[in-house]
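J.: Input target-v1.txt, format and content: compact mmCIF, C-alpha atoms.
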```
# COMPACT_ATOMS: atom_id res chain seq x y z
CA MET Z 1 35.76 1.44 -15.77
CA ILE Z 2 35.81 -1.11 -12.96
CA ILE Z 3 33.03 -1.29 -10.39
CA ASN Z 4 33.31 -3.63 -7.44
CA GLN Z 5 30.85 -4.90 -4.86
CA SER Z 6 31.50 -2.10 -2.37
CA ASP Z 7 30.95 0.49 -5.13
CA ILE Z 8 27.57 -1.13 -5.84
CA SER Z 9 26.64 -1.11 -2.15
CA ALA Z 10 27.55 2.59 -1.94
CA MET Z 11 25.36 3.61 -4.90
CA GLU Z 12 22.30 5.79 -4.30
CA GLN Z 13 19.29 3.45 -4.24
CA ARG Z 14 17.54 4.62 -7.40
CA TYR Z 15 20.83 4.82 -9.36
CA ARG Z 16 21.65 1.24 -8.29
CA ALA Z 17 18.22 -0.07 -9.32
CA THR Z 18 18.54 1.56 -12.77
CA PHE Z 19 22.12 0.37 -13.19
CA ILE Z 20 21.68 -3.27 -12.10
CA ASN Z 21 18.37 -3.66 -13.96
CA SER Z 22 19.66 -2.24 -17.24
CA LEU Z 23 22.96 -4.11 -16.95
CA ALA Z 24 20.98 -7.39 -17.04
CA GLY Z 25 20.60 -6.91 -20.78
CA ILE Z 26 17.97 -7.20 -23.47
CA LYS Z 27 14.69 -8.89 -22.54
CA GLN Z 28 11.37 -9.82 -24.09
CA VAL Z 29 8.52 -7.47 -23.16
CA VAL Z 30 5.65 -9.58 -21.80
CA LEU Z 31 2.27 -8.15 -20.91
CA VAL Z 32 0.60 -10.46 -18.40
CA GLY Z 33 -3.19 -10.55 -18.48
CA THR Z 34 -5.20 -11.79 -15.50
CA ARG Z 35 -8.71 -11.54 -14.13
CA SER Z 36 -9.61 -11.30 -10.45
CA VAL Z 37 -12.18 -13.60 -8.87
CA ASP Z 38 -14.47 -10.54 -8.91
CA GLY Z 39 -14.11 -10.33 -12.70
CA GLN Z 40 -11.78 -7.31 -12.91
CA SER Z 41 -9.28 -7.60 -15.76
CA ASN Z 42 -5.66 -6.61 -15.20
CA LEU Z 43 -2.62 -6.08 -17.41
CA ALA Z 44 0.98 -5.67 -16.21
CA ILE Z 45 4.39 -5.52 -17.89
CA PHE Z 46 7.17 -8.02 -17.10
CA ASN Z 47 10.69 -8.43 -18.46
CA SER Z 48 11.58 -11.67 -16.68
CA LEU Z 49 10.13 -14.42 -18.89
CA ILE Z 50 12.30 -17.52 -18.74
CA HIS Z 51 12.06 -20.78 -20.67
CA ILE Z 52 11.88 -23.63 -18.15
CA GLY Z 53 11.21 -26.60 -20.40
CA ALA Z 54 9.75 -27.69 -23.74
CA ASN Z 55 8.12 -31.01 -22.77
CA PRO Z 56 5.98 -30.23 -20.90
CA ALA Z 57 6.13 -26.66 -22.22
CA LEU Z 58 6.85 -24.46 -19.18
CA TYR Z 59 7.70 -20.76 -18.82
CA GLY Z 60 8.53 -18.85 -15.64
CA ILE Z 61 8.18 -15.22 -14.60
CA LEU Z 62 9.71 -13.57 -11.56
CA PHE Z 63 7.80 -11.56 -8.96
CA ARG Z 64 9.67 -9.33 -6.58
CA PRO Z 65 8.04 -8.92 -3.17
CA ASP Z 66 8.37 -5.12 -3.32
CA THR Z 67 6.63 -4.46 -6.62
CA VAL Z 68 3.16 -3.17 -7.38
CA ARG Z 69 2.38 -6.27 -9.39
CA ARG Z 70 0.86 -8.18 -6.50
CA ASP Z 71 -2.61 -7.97 -8.02
CA THR Z 72 -1.27 -10.01 -10.95
CA LEU Z 73 0.26 -12.61 -8.61
CA LEU Z 74 -2.90 -12.78 -6.49
CA ASN Z 75 -5.06 -13.30 -9.59
CA ILE Z 76 -2.75 -16.06 -10.87
CA LEU Z 77 -2.80 -17.88 -7.53
CA GLU Z 78 -6.57 -17.50 -7.08
CA THR Z 79 -7.68 -18.35 -10.61
CA GLY Z 80 -4.80 -20.54 -11.80
CA GLN Z 81 -4.77 -18.71 -15.16
CA TYR Z 82 -2.87 -15.97 -16.91
CA THR Z 83 -1.97 -14.85 -20.41
CA LEU Z 84 1.37 -13.78 -21.90
CA ASN Z 85 1.13 -11.21 -24.69
CA TYR Z 86 3.90 -9.82 -26.93
CA VAL Z 87 3.21 -6.61 -28.84
CA HIS Z 88 4.63 -4.68 -31.80
CA ALA Z 89 7.51 -2.28 -31.16
CA ALA Z 90 5.18 0.57 -32.18
CA ASN Z 91 3.20 -0.12 -28.99
CA PHE Z 92 6.06 0.61 -26.61
CA GLU Z 93 4.39 3.58 -24.91
CA LYS Z 94 1.19 1.61 -24.31
CA ALA Z 95 3.20 -1.32 -22.96
CA HIS Z 96 5.10 0.95 -20.56
CA GLN Z 97 1.90 2.61 -19.38
CA THR Z 98 0.65 -0.74 -17.98
CA SER Z 99 3.20 -0.17 -15.18
CA ALA Z 100 1.22 2.82 -13.86
CA LYS Z 101 -0.55 2.20 -10.55
CA TYR Z 102 -4.16 2.36 -11.66
CA ASP Z 103 -6.87 1.97 -9.03
CA ASN Z 104 -7.98 -1.60 -8.43
CA ASN Z 105 -11.36 -1.02 -10.08
CA ILE Z 106 -9.82 0.22 -13.32
CA SER Z 107 -8.78 -2.17 -16.10
CA GLU Z 108 -5.47 -1.30 -17.73
CA PHE Z 109 -7.01 -2.52 -21.00
CA SER Z 110 -9.57 0.26 -21.30
CA ALA Z 111 -7.43 2.89 -19.57
CA ILE Z 112 -4.56 2.37 -22.01
CA GLY Z 113 -6.37 1.37 -25.17
CA PHE Z 114 -5.71 -2.32 -25.65
CA THR Z 115 -8.69 -4.51 -26.57
CA GLU Z 116 -9.62 -7.41 -24.28
CA GLN Z 117 -9.93 -10.70 -26.12
CA LEU Z 118 -11.48 -13.82 -24.60
CA SER Z 119 -10.56 -17.27 -25.89
CA GLU Z 120 -12.44 -20.10 -24.24
CA PRO Z 121 -11.91 -21.88 -21.95
CA PHE Z 122 -9.73 -19.04 -20.63
CA THR Z 123 -11.28 -16.40 -18.43
CA ALA Z 124 -7.98 -14.48 -18.20
CA PRO Z 125 -7.94 -11.80 -20.92
CA PHE Z 126 -5.64 -11.71 -23.96
CA ILE Z 127 -4.65 -8.53 -25.81
CA LYS Z 128 -6.44 -8.61 -29.15
CA GLU Z 129 -3.70 -6.49 -30.79
CA ALA Z 130 -0.87 -8.77 -29.54
CA VAL Z 131 1.42 -10.53 -32.03
CA VAL Z 132 1.83 -13.55 -29.76
CA LYS Z 133 -0.83 -14.67 -27.27
CA ILE Z 134 -0.11 -17.51 -24.85
CA GLY Z 135 -2.59 -18.94 -22.36
CA MET Z 136 -0.92 -20.27 -19.21
CA LYS Z 137 -1.97 -22.56 -16.36
CA PHE Z 138 -0.28 -21.95 -13.02
CA GLU Z 139 1.86 -24.91 -11.95
CA GLU Z 140 4.36 -24.01 -9.24
CA LYS Z 141 5.62 -21.07 -7.17
CA ASN Z 142 9.25 -21.24 -6.09
CA ASP Z 143 10.21 -18.87 -3.28
CA LEU Z 144 13.86 -17.91 -3.61
CA LYS Z 145 15.37 -17.94 -0.15
CA ILE Z 146 18.01 -15.35 -0.91
CA ASN Z 147 15.72 -12.31 -1.20
CA GLY Z 148 12.08 -13.37 -1.17
CA THR Z 149 11.49 -13.15 -4.92
CA MET Z 150 9.13 -15.74 -6.36
CA LEU Z 151 9.56 -17.69 -9.59
CA VAL Z 152 6.08 -18.52 -10.86
CA ILE Z 153 6.03 -21.40 -13.34
CA GLY Z 154 3.14 -22.18 -15.65
CA SER Z 155 2.41 -24.62 -18.45
CA ILE Z 156 1.46 -23.47 -21.94
CA GLN Z 157 -2.16 -24.36 -22.70
CA HIS Z 158 -3.01 -22.22 -25.70
CA ILE Z 159 -1.10 -20.21 -28.33
CA GLU Z 160 -2.41 -17.76 -30.92
CA ILE Z 161 0.12 -16.69 -33.50
CA ASN Z 162 0.32 -15.72 -37.18
CA GLU Z 163 1.21 -18.97 -38.97
CA ASN Z 164 3.37 -16.98 -41.40
CA ILE Z 165 6.03 -16.47 -38.71
CA VAL Z 166 6.27 -20.16 -37.73
CA GLY Z 167 8.90 -21.91 -39.85
CA LYS Z 168 8.92 -25.50 -41.11
CA ASP Z 169 11.13 -26.60 -38.23
CA GLY Z 170 9.08 -24.74 -35.59
CA PHE Z 171 11.18 -21.57 -35.41
CA VAL Z 172 9.15 -18.47 -34.50
CA ALA Z 173 10.46 -15.48 -36.46
CA LEU Z 174 9.49 -12.74 -34.00
CA ALA Z 175 11.51 -10.07 -35.82
CA ASN Z 176 9.16 -10.47 -38.80
CA GLU Z 177 6.44 -8.99 -36.60
CA ASN Z 178 8.71 -6.20 -35.28
CA ILE Z 179 8.44 -7.49 -31.72
CA LEU Z 180 9.03 -5.19 -28.72
CA ALA Z 181 12.00 -5.87 -26.43
CA CYS Z 182 13.26 -3.93 -23.44
CA GLY Z 183 16.16 -3.32 -21.09
CA GLY Z 184 15.90 -2.38 -17.45
CA LEU Z 185 12.80 -0.64 -16.17
CA ASP Z 186 12.10 1.96 -18.85
CA ALA Z 187 14.15 1.37 -22.05
CA TYR Z 188 12.62 -0.18 -25.17
CA TYR Z 189 14.15 -1.80 -28.23
CA SER Z 190 13.18 -3.29 -31.55
CA VAL Z 191 15.32 -6.09 -32.99
CA ASN Z 192 17.13 -6.87 -36.25
CA PHE Z 193 17.41 -10.50 -37.28
CA LEU Z 194 21.07 -11.41 -37.92
CA GLY Z 195 20.49 -15.04 -38.84
CA ARG Z 196 20.11 -18.57 -37.57
CA LEU Z 197 23.16 -20.78 -37.29
CA SER Z 198 23.63 -24.50 -37.78
CA TYR Z 199 24.08 -26.83 -34.80
CA ALA Z 200 27.57 -26.12 -33.46
CA LYS Z 201 30.24 -28.82 -33.81
CA PRO Z 202 33.89 -28.54 -32.76
CA GLU Z 203 35.32 -29.41 -36.16
CA LYS Z 204 33.49 -26.82 -38.28
CA TRP Z 205 32.37 -23.20 -38.16
CA PRO Z 206 28.59 -22.62 -37.95
CA GLU Z 207 26.73 -21.86 -41.18
CA LYS Z 208 23.70 -19.65 -41.68
CA LEU Z 209 20.40 -21.49 -41.95
CA ASP Z 210 17.88 -20.52 -44.61
CA SER Z 211 15.07 -19.35 -42.35
CA MET M 1 -3.44 -20.10 -35.93
CA ILE M 2 -4.39 -21.66 -32.60
CA ILE M 3 -2.22 -24.30 -30.95
CA ASN M 4 -3.41 -26.03 -27.81
CA GLN M 5 -1.71 -28.21 -25.23
CA SER M 6 -2.45 -31.48 -27.02
CA ASP M 7 -1.02 -30.05 -30.26
CA ILE M 8 2.20 -29.22 -28.36
CA SER M 9 2.37 -32.72 -26.87
CA ALA M 10 1.94 -34.23 -30.33
CA MET M 11 4.79 -32.22 -31.89
CA GLU M 12 7.93 -34.03 -33.06
CA GLN M 13 10.51 -33.57 -30.29
CA ARG M 14 13.00 -31.35 -32.15
CA TYR M 15 10.22 -29.24 -33.70
CA ARG M 16 8.74 -28.71 -30.22
CA ALA M 17 12.10 -27.71 -28.72
CA THR M 18 12.69 -25.17 -31.52
CA PHE M 19 9.13 -23.84 -31.29
CA ILE M 20 8.86 -23.49 -27.51
CA ASN M 21 12.39 -22.08 -27.15
CA SER M 22 11.99 -19.47 -29.89
CA LEU M 23 8.47 -18.57 -28.74
CA ALA M 24 9.98 -17.47 -25.40
CA GLY M 25 11.16 -14.29 -27.11
CA ILE M 26 14.21 -12.07 -27.29
CA LYS M 27 16.98 -12.70 -24.76
CA GLN M 28 20.40 -11.38 -23.81
CA VAL M 29 23.29 -13.52 -25.05
CA VAL M 30 25.52 -14.32 -22.07
CA LEU M 31 28.82 -16.15 -22.38
CA VAL M 32 29.64 -17.74 -19.03
CA GLY M 33 33.33 -18.16 -18.23
CA THR M 34 34.50 -20.65 -15.61
CA ARG M 35 37.68 -22.45 -14.63
CA SER M 36 37.85 -26.02 -13.34
CA VAL M 37 39.73 -26.89 -10.15
CA ASP M 38 42.37 -28.36 -12.50
CA GLY M 39 42.80 -24.93 -14.15
CA GLN M 40 40.99 -25.63 -17.43
CA SER M 41 39.09 -22.58 -18.70
CA ASN M 42 35.58 -23.00 -20.14
CA LEU M 43 33.15 -20.79 -22.01
CA ALA M 44 29.47 -21.56 -22.68
CA ILE M 45 26.51 -19.64 -24.10
CA PHE M 46 23.32 -19.01 -22.09
CA ASN M 47 20.12 -17.13 -22.91
CA SER M 48 18.46 -17.38 -19.49
CA LEU M 49 19.96 -14.49 -17.50
CA ILE M 50 17.40 -13.12 -15.06
CA HIS M 51 17.58 -10.12 -12.73
CA ILE M 52 16.88 -11.32 -9.20
CA GLY M 53 17.57 -8.20 -7.17
CA ALA M 54 19.51 -4.93 -7.07
CA ASN M 55 20.46 -4.74 -3.38
CA PRO M 56 22.27 -7.03 -3.00
CA ALA M 57 22.87 -7.21 -6.74
CA LEU M 58 21.85 -10.74 -7.81
CA TYR M 59 21.45 -12.40 -11.22
CA GLY M 60 20.26 -15.92 -11.97
CA ILE M 61 20.88 -18.34 -14.84
CA LEU M 62 19.01 -21.54 -15.53
CA PHE M 63 20.61 -24.95 -16.06
CA ARG M 64 18.63 -27.74 -17.60
CA PRO M 65 19.57 -31.23 -16.42
CA ASP M 66 19.82 -32.55 -19.99
CA THR M 67 22.26 -30.01 -21.44
CA VAL M 68 25.95 -30.30 -22.22
CA ARG M 69 26.69 -27.36 -19.94
CA ARG M 70 27.31 -29.45 -16.86
CA ASP M 71 31.01 -28.61 -16.91
CA THR M 72 30.02 -24.97 -16.37
CA LEU M 73 27.73 -25.88 -13.48
CA LEU M 74 30.36 -28.16 -11.92
CA ASN M 75 32.98 -25.41 -12.14
CA ILE M 76 30.64 -22.87 -10.54
CA LEU M 77 29.79 -25.20 -7.67
CA GLU M 78 33.40 -26.27 -7.10
CA THR M 79 35.08 -22.86 -7.37
CA GLY M 80 32.19 -20.54 -6.39
CA GLN M 81 33.10 -18.20 -9.26
CA TYR M 82 31.97 -17.43 -12.78
CA THR M 83 31.94 -14.55 -15.24
CA LEU M 84 29.14 -13.15 -17.42
CA ASN M 85 30.27 -11.66 -20.73
CA TYR M 86 28.21 -9.79 -23.35
CA VAL M 87 29.69 -9.38 -26.83
CA HIS M 88 29.16 -7.25 -29.93
CA ALA M 89 26.54 -8.39 -32.45
CA ALA M 90 29.39 -8.88 -34.97
CA ASN M 91 30.59 -11.78 -32.80
CA PHE M 92 27.43 -13.87 -33.16
CA GLU M 93 29.11 -16.79 -34.93
CA LYS M 94 31.84 -17.00 -32.28
CA ALA M 95 29.23 -16.81 -29.52
CA HIS M 96 27.21 -19.63 -31.10
CA GLN M 97 30.31 -21.78 -31.55
CA THR M 98 30.78 -21.92 -27.74
CA SER M 99 27.84 -24.36 -27.75
CA ALA M 100 29.90 -26.99 -29.62
CA LYS M 101 30.87 -30.01 -27.51
CA TYR M 102 34.63 -29.54 -27.32
CA ASP M 103 36.69 -32.13 -25.47
CA ASN M 104 37.18 -31.43 -21.78
CA ASN M 105 40.87 -30.62 -22.23
CA ILE M 106 40.16 -27.93 -24.85
CA SER M 107 39.40 -24.35 -23.89
CA GLU M 108 36.61 -22.76 -25.92
CA PHE M 109 38.60 -19.49 -25.68
CA SER M 110 41.51 -20.65 -27.81
CA ALA M 111 39.43 -22.97 -30.00
CA ILE M 112 37.06 -20.16 -31.00
CA GLY M 113 39.32 -17.14 -30.87
CA PHE M 114 38.29 -15.17 -27.81
CA THR M 115 41.07 -13.87 -25.55
CA GLU M 116 41.13 -14.94 -21.90
CA GLN M 117 41.37 -12.03 -19.49
CA LEU M 118 42.15 -12.39 -15.80
CA SER M 119 41.04 -9.75 -13.30
CA GLU M 120 42.19 -10.42 -9.75
CA PRO M 121 40.96 -11.71 -7.41
CA PHE M 122 38.95 -13.74 -9.95
CA THR M 123 40.37 -16.97 -11.27
CA ALA M 124 37.38 -17.50 -13.58
CA PRO M 125 38.24 -16.06 -17.02
CA PHE M 126 36.64 -13.03 -18.65
CA ILE M 127 36.45 -12.46 -22.42
CA LYS M 128 38.84 -9.60 -23.19
CA GLU M 129 36.80 -8.59 -26.27
CA ALA M 130 33.51 -8.45 -24.30
CA VAL M 131 31.55 -5.18 -24.05
CA VAL M 132 30.28 -6.02 -20.56
CA LYS M 133 32.23 -8.21 -18.11
CA ILE M 134 30.66 -9.21 -14.80
CA GLY M 135 32.39 -11.26 -12.10
CA MET M 136 29.97 -13.38 -10.08
CA LYS M 137 30.11 -15.22 -6.75
CA PHE M 138 27.88 -18.28 -6.44
CA GLU M 139 25.20 -17.81 -3.78
CA GLU M 140 22.35 -20.30 -4.13
CA LYS M 141 21.10 -23.18 -6.29
CA ASN M 142 17.34 -23.61 -6.47
CA ASP M 143 16.17 -26.96 -7.81
CA LEU M 144 12.82 -26.55 -9.53
CA LYS M 145 10.65 -29.49 -8.57
CA ILE M 146 8.59 -29.45 -11.72
CA ASN M 147 11.28 -30.67 -14.14
CA GLY M 148 14.65 -30.77 -12.43
CA THR M 149 16.02 -27.53 -13.88
CA MET M 150 18.25 -25.52 -11.57
CA LEU M 151 18.21 -21.76 -11.05
CA VAL M 152 21.74 -20.74 -10.05
CA ILE M 153 21.89 -17.36 -8.32
CA GLY M 154 25.05 -15.34 -7.87
CA SER M 155 26.00 -11.93 -6.50
CA ILE M 156 27.76 -9.33 -8.63
CA GLN M 157 31.30 -8.78 -7.36
CA HIS M 158 33.03 -7.00 -10.22
CA ILE M 159 31.96 -5.12 -13.38
CA GLU M 160 34.07 -3.89 -16.29
CA ILE M 161 32.27 -1.61 -18.71
CA ASN M 162 32.94 1.38 -20.96
CA GLU M 163 32.00 4.39 -18.82
CA ASN M 164 30.66 6.13 -21.93
CA ILE M 165 27.62 3.83 -21.97
CA VAL M 166 26.68 4.41 -18.29
CA GLY M 167 24.34 7.40 -17.98
CA LYS M 168 24.08 9.93 -15.16
CA ASP M 169 21.20 8.02 -13.57
CA GLY M 170 22.90 4.62 -13.91
CA PHE M 171 21.25 3.49 -17.15
CA VAL M 172 23.47 1.20 -19.24
CA ALA M 173 22.99 1.99 -22.95
CA LEU M 174 23.79 -1.46 -24.35
CA ALA M 175 22.55 -0.57 -27.85
CA ASN M 176 25.38 1.99 -28.09
CA GLU M 177 27.77 -0.96 -28.10
CA ASN M 178 25.67 -2.95 -30.62
CA ILE M 179 25.06 -5.73 -28.10
CA LEU M 180 24.21 -9.26 -29.23
CA ALA M 181 20.77 -10.69 -28.37
CA CYS M 182 19.21 -14.02 -29.32
CA GLY M 183 16.02 -16.00 -29.60
CA GLY M 184 15.65 -19.72 -29.10
CA LEU M 185 18.65 -21.98 -29.59
CA ASP M 186 20.21 -20.64 -32.80
CA ALA M 187 18.78 -17.23 -33.82
CA TYR M 188 20.67 -13.99 -33.24
CA TYR M 189 19.58 -10.36 -33.18
CA SER M 190 20.98 -6.88 -32.80
CA VAL M 191 18.82 -4.20 -31.20
CA ASN M 192 17.62 -0.67 -32.03
CA PHE M 193 17.06 1.73 -29.15
CA LEU M 194 13.52 3.13 -29.28
CA GLY M 195 13.80 5.32 -26.19
CA ARG M 196 13.43 5.48 -22.46
CA LEU M 197 10.12 6.50 -20.95
CA SER M 198 9.27 8.47 -17.82
CA TYR M 199 7.92 6.71 -14.71
CA ALA M 200 4.37 5.68 -15.58
CA LYS M 201 1.48 7.39 -13.78
CA PRO M 202 -2.23 6.83 -14.39
CA GLU M 203 -3.05 10.47 -15.08
CA LYS M 204 -0.51 11.13 -17.84
CA TRP M 205 1.03 9.47 -20.88
CA PRO M 206 4.73 8.53 -20.58
CA GLU M 207 7.28 10.94 -22.08
CA LYS M 208 10.62 10.12 -23.66
CA LEU M 209 13.63 10.65 -21.42
CA ASP M 210 16.73 12.36 -22.76
CA SER M 211 19.17 9.47 -22.44
```
Go ahead and express the file in the form of structure tokens.
T.:
Amino acid sequence: MIINQSDISAMEQRYRATFINSLAGIKQVVLVGTRSVDGQSNLAIFNSLIHIGANPALYGILFRPDTVRRDTLLNILETGQYTLNYVHAANFEKAHQTSAKYDNNISEFSAIGFTEQLSEPFTAPFIKEAVVKIGMKFEEKNDLKINGTMLVIGSIQHIEINENIVGKDGFVALANENILACGGLDAYYSVNFLGRLSYAKPEKWPEKLDS
Amino acid sequence: MIINQSDISAMEQRYRATFINSLAGIKQVVLVGTRSVDGQSNLAIFNSLIHIGANPALYGILFRPDTVRRDTLLNILETGQYTLNYVHAANFEKAHQTSAKYDNNISEFSAIGFTEQLSEPFTAPFIKEAVVKIGMKFEEKNDLKINGTMLVIGSIQHIEINENIVGKDGFVALANENILACGGLDAYYSVNFLGRLSYAKPEKWPEKLDS
């Protein structure tokens, strides 16, 4: 079927949000850990992780002005620290539950059943059960003029990962740890590794790499 | 294992690019179709699609200043149009091959074996074989101060999709079309649908939705 811009404008609000979010495709599930200046730990789910650069190593996440995640943003801006955690596909219900609006004095860690892990010099909490744990330092907030969303960019300071999934050339085989992915606001996926392909050149077809 | 910022800085350049890119997790494969002002069609692979907003419906893609994709960016800025195409997992080698540096007078469509599809009033080409086809209008380019990357935001003007994968509440079941996902610069994945979960509330555990 064909859907044009006026069809989108005419959609019921919740239908449109579900449609446009899920149409954006498959995403990495990222659980962002922060701690308030008062010491309260916080955990929130994001699907908007974006690779900004490798040297320096920079990742971005998007904050919409209308979400409930403002405690996460406030903690990042006030403390300059946050953690990115990827979990096993088996944890998809726990991951989703971090989107519930718990009271400010309740930690999503204890409410949901993830274990807080501290790794100095970070005060922001990691998820002990996570497959990939990344400690971030806040670098830059870009306000997007078009609709008030904010792209928050941080630099990678610290990574904890099973060395068995890091290949000789640096490739991280996330499927070997049955990583959790998502689509839209409430759909979850696991992934099947199809293969890695050789650097593409016009004169030849890509070949599968060994790892 | 633990990797800190100085370890990352000390990595060999290609190892670091592979590591930091693949560590960023699972992404949607997006083939971006454009046409130059001279009429030359172009197709390039991106893994940085980001949902910016639902009303108006806005998606972003990231351009790094050092990539070979500048013909795509130039075409978007000069014509104001581009298309986003998602393909079946079976097409992963074709999708990867769009990253080869073909001469400027060669269309990736014919070189690789995708069929150009025109849908008026768009002059930018769609991939006929694509599962999801989205026609975009350029809206805004945000230059990120930190490293010169550019977040290009467009509004959704036109969508072509099999109505069988759009649910009653607007959810797009991409796994039903065996959609292609990726990780890093050369790894490809298919996805398994785990389920959709009910809106998360503190007092109850999420339940699986029907669709």
J.: Check which residues of segment 140-166 of chain Z sit at most 12 Å from segment 39-59 of chain M using only C-alpha atoms, and return one row each with the closest pair of atoms and their distance in Å to one decimal, ordered by chain and rising number, as a Markdown table.
T.:
```
| residue | atom | partner | partner_atom | distance |
| --- | --- | --- | --- | --- |
| Z:Asp143 | CA | M:Ile52 | CA | 11.7 |
| Z:Leu144 | CA | M:Ile52 | CA | 9.2 |
| Z:Lys145 | CA | M:Ile52 | CA | 11.3 |
| Z:Ile146 | CA | M:Leu58 | CA | 9.1 |
| Z:Asn147 | CA | M:Gly53 | CA | 7.5 |
| Z:Gly148 | CA | M:Ile52 | CA | 9.6 |
| Z:Thr149 | CA | M:Ile52 | CA | 7.1 |
| Z:Met150 | CA | M:Ile52 | CA | 9.4 |
| Z:Leu151 | CA | M:Ile52 | CA | 9.7 |
```
J.: So how many Å separate atom CA of Val172 of chain Z and atom CA of Asn178 of chain M, to one decimal?
T.: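 Between atom CA of Val172 of chain Z and atom CA of Asn178 of chain M the gap works out to 23.0 Å.
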J.: Given the choices M:Tyr102, M:Phe63, M:Phe126, M:Tyr82, which gets closest to chain Z if the distance is worked out from only C-alpha atoms?
T.: M:Tyr102
J.: Hey, list the chain Z side of the contact with chain M: 7 Å cut-off, all atoms listed in the file, answer as a PDB file with C-alpha atoms, keeping the file's coordinate frame.
T.:
```
ATOM      1  CA  MET Z   1      35.760   1.440 -15.770  1.00  0.00           C
ATOM      2  CA  ILE Z   2      35.810  -1.110 -12.960  1.00  0.00           C
ATOM      3  CA  ILE Z   3      33.030  -1.290 -10.390  1.00  0.00           C
ATOM      4  CA  ASN Z   4      33.310  -3.630  -7.440  1.00  0.00           C
ATOM      5  CA  GLN Z   5      30.850  -4.900  -4.860  1.00  0.00           C
ATOM      6  CA  TYR Z  15      20.830   4.820  -9.360  1.00  0.00           C
ATOM      7  CA  ARG Z  16      21.650   1.240  -8.290  1.00  0.00           C
ATOM      8  CA  ALA Z  17      18.220  -0.070  -9.320  1.00  0.00           C
ATOM      9  CA  THR Z  18      18.540   1.560 -12.770  1.00  0.00           C
ATOM     10  CA  PHE Z  19      22.120   0.370 -13.190  1.00  0.00           C
ATOM     11  CA  ILE Z  20      21.680  -3.270 -12.100  1.00  0.00           C
ATOM     12  CA  ASN Z  21      18.370  -3.660 -13.960  1.00  0.00           C
ATOM     13  CA  SER Z  22      19.660  -2.240 -17.240  1.00  0.00           C
ATOM     14  CA  LEU Z  23      22.960  -4.110 -16.950  1.00  0.00           C
ATOM     15  CA  ALA Z  24      20.980  -7.390 -17.040  1.00  0.00           C
ATOM     16  CA  GLY Z  25      20.600  -6.910 -20.780  1.00  0.00           C
ATOM     17  CA  ILE Z  26      17.970  -7.200 -23.470  1.00  0.00           C
ATOM     18  CA  LYS Z  27      14.690  -8.890 -22.540  1.00  0.00           C
ATOM     19  CA  GLN Z  28      11.370  -9.820 -24.090  1.00  0.00           C
ATOM     20  CA  SER Z  48      11.580 -11.670 -16.680  1.00  0.00           C
ATOM     21  CA  ILE Z  50      12.300 -17.520 -18.740  1.00  0.00           C
ATOM     22  CA  HIS Z  51      12.060 -20.780 -20.670  1.00  0.00           C
ATOM     23  CA  ALA Z  54       9.750 -27.690 -23.740  1.00  0.00           C
ATOM     24  CA  ALA Z  57       6.130 -26.660 -22.220  1.00  0.00           C
ATOM     25  CA  GLU Z  93       4.390   3.580 -24.910  1.00  0.00           C
ATOM     26  CA  HIS Z  96       5.100   0.950 -20.560  1.00  0.00           C
ATOM     27  CA  GLN Z  97       1.900   2.610 -19.380  1.00  0.00           C
ATOM     28  CA  SER Z  99       3.200  -0.170 -15.180  1.00  0.00           C
ATOM     29  CA  ALA Z 100       1.220   2.820 -13.860  1.00  0.00           C
ATOM     30  CA  LYS Z 101      -0.550   2.200 -10.550  1.00  0.00           C
ATOM     31  CA  TYR Z 102      -4.160   2.360 -11.660  1.00  0.00           C
ATOM     32  CA  ILE Z 156       1.460 -23.470 -21.940  1.00  0.00           C
ATOM     33  CA  GLN Z 157      -2.160 -24.360 -22.700  1.00  0.00           C
ATOM     34  CA  HIS Z 158      -3.010 -22.220 -25.700  1.00  0.00           C
ATOM     35  CA  ILE Z 159      -1.100 -20.210 -28.330  1.00  0.00           C
ATOM     36  CA  GLU Z 160      -2.410 -17.760 -30.920  1.00  0.00           C
ATOM     37  CA  ILE Z 161       0.120 -16.690 -33.500  1.00  0.00           C
ATOM     38  CA  ASN Z 162       0.320 -15.720 -37.180  1.00  0.00           C
ATOM     39  CA  GLU Z 163       1.210 -18.970 -38.970  1.00  0.00           C
ATOM     40  CA  ASP Z 169      11.130 -26.600 -38.230  1.00  0.00           C
ATOM     41  CA  GLY Z 170       9.080 -24.740 -35.590  1.00  0.00           C
ATOM     42  CA  PHE Z 171      11.180 -21.570 -35.410  1.00  0.00           C
ATOM     43  CA  VAL Z 172       9.150 -18.470 -34.500  1.00  0.00           C
ATOM     44  CA  ALA Z 181      12.000  -5.870 -26.430  1.00  0.00           C
ATOM     45  CA  ASP Z 186      12.100   1.960 -18.850  1.00  0.00           C
ATOM     46  CA  ALA Z 187      14.150   1.370 -22.050  1.00  0.00           C
ATOM     47  CA  TYR Z 188      12.620  -0.180 -25.170  1.00  0.00           C
ATOM     48  CA  TYR Z 189      14.150  -1.800 -28.230  1.00  0.00           C
ATOM     49  CA  SER Z 190      13.180  -3.290 -31.550  1.00  0.00           C
ATOM     50  CA  VAL Z 191      15.320  -6.090 -32.990  1.00  0.00           C
ATOM     51  CA  ASN Z 192      17.130  -6.870 -36.250  1.00  0.00           C
ATOM     52  CA  PHE Z 193      17.410 -10.500 -37.280  1.00  0.00           C
ATOM     53  CA  LEU Z 194      21.070 -11.410 -37.920  1.00  0.00           C
ATOM     54  CA  GLY Z 195      20.490 -15.040 -38.840  1.00  0.00           C
ATOM     55  CA  ARG Z 196      20.110 -18.570 -37.570  1.00  0.00           C
ATOM     56  CA  LEU Z 197      23.160 -20.780 -37.290  1.00  0.00           C
ATOM     57  CA  ALA Z 200      27.570 -26.120 -33.460  1.00  0.00           C
ATOM     58  CA  LYS Z 201      30.240 -28.820 -33.810  1.00  0.00           C
ATOM     59  CA  PRO Z 202      33.890 -28.540 -32.760  1.00  0.00           C
ATOM     60  CA  PRO Z 206      28.590 -22.620 -37.950  1.00  0.00           C
TER      61      PRO Z 206
END
```
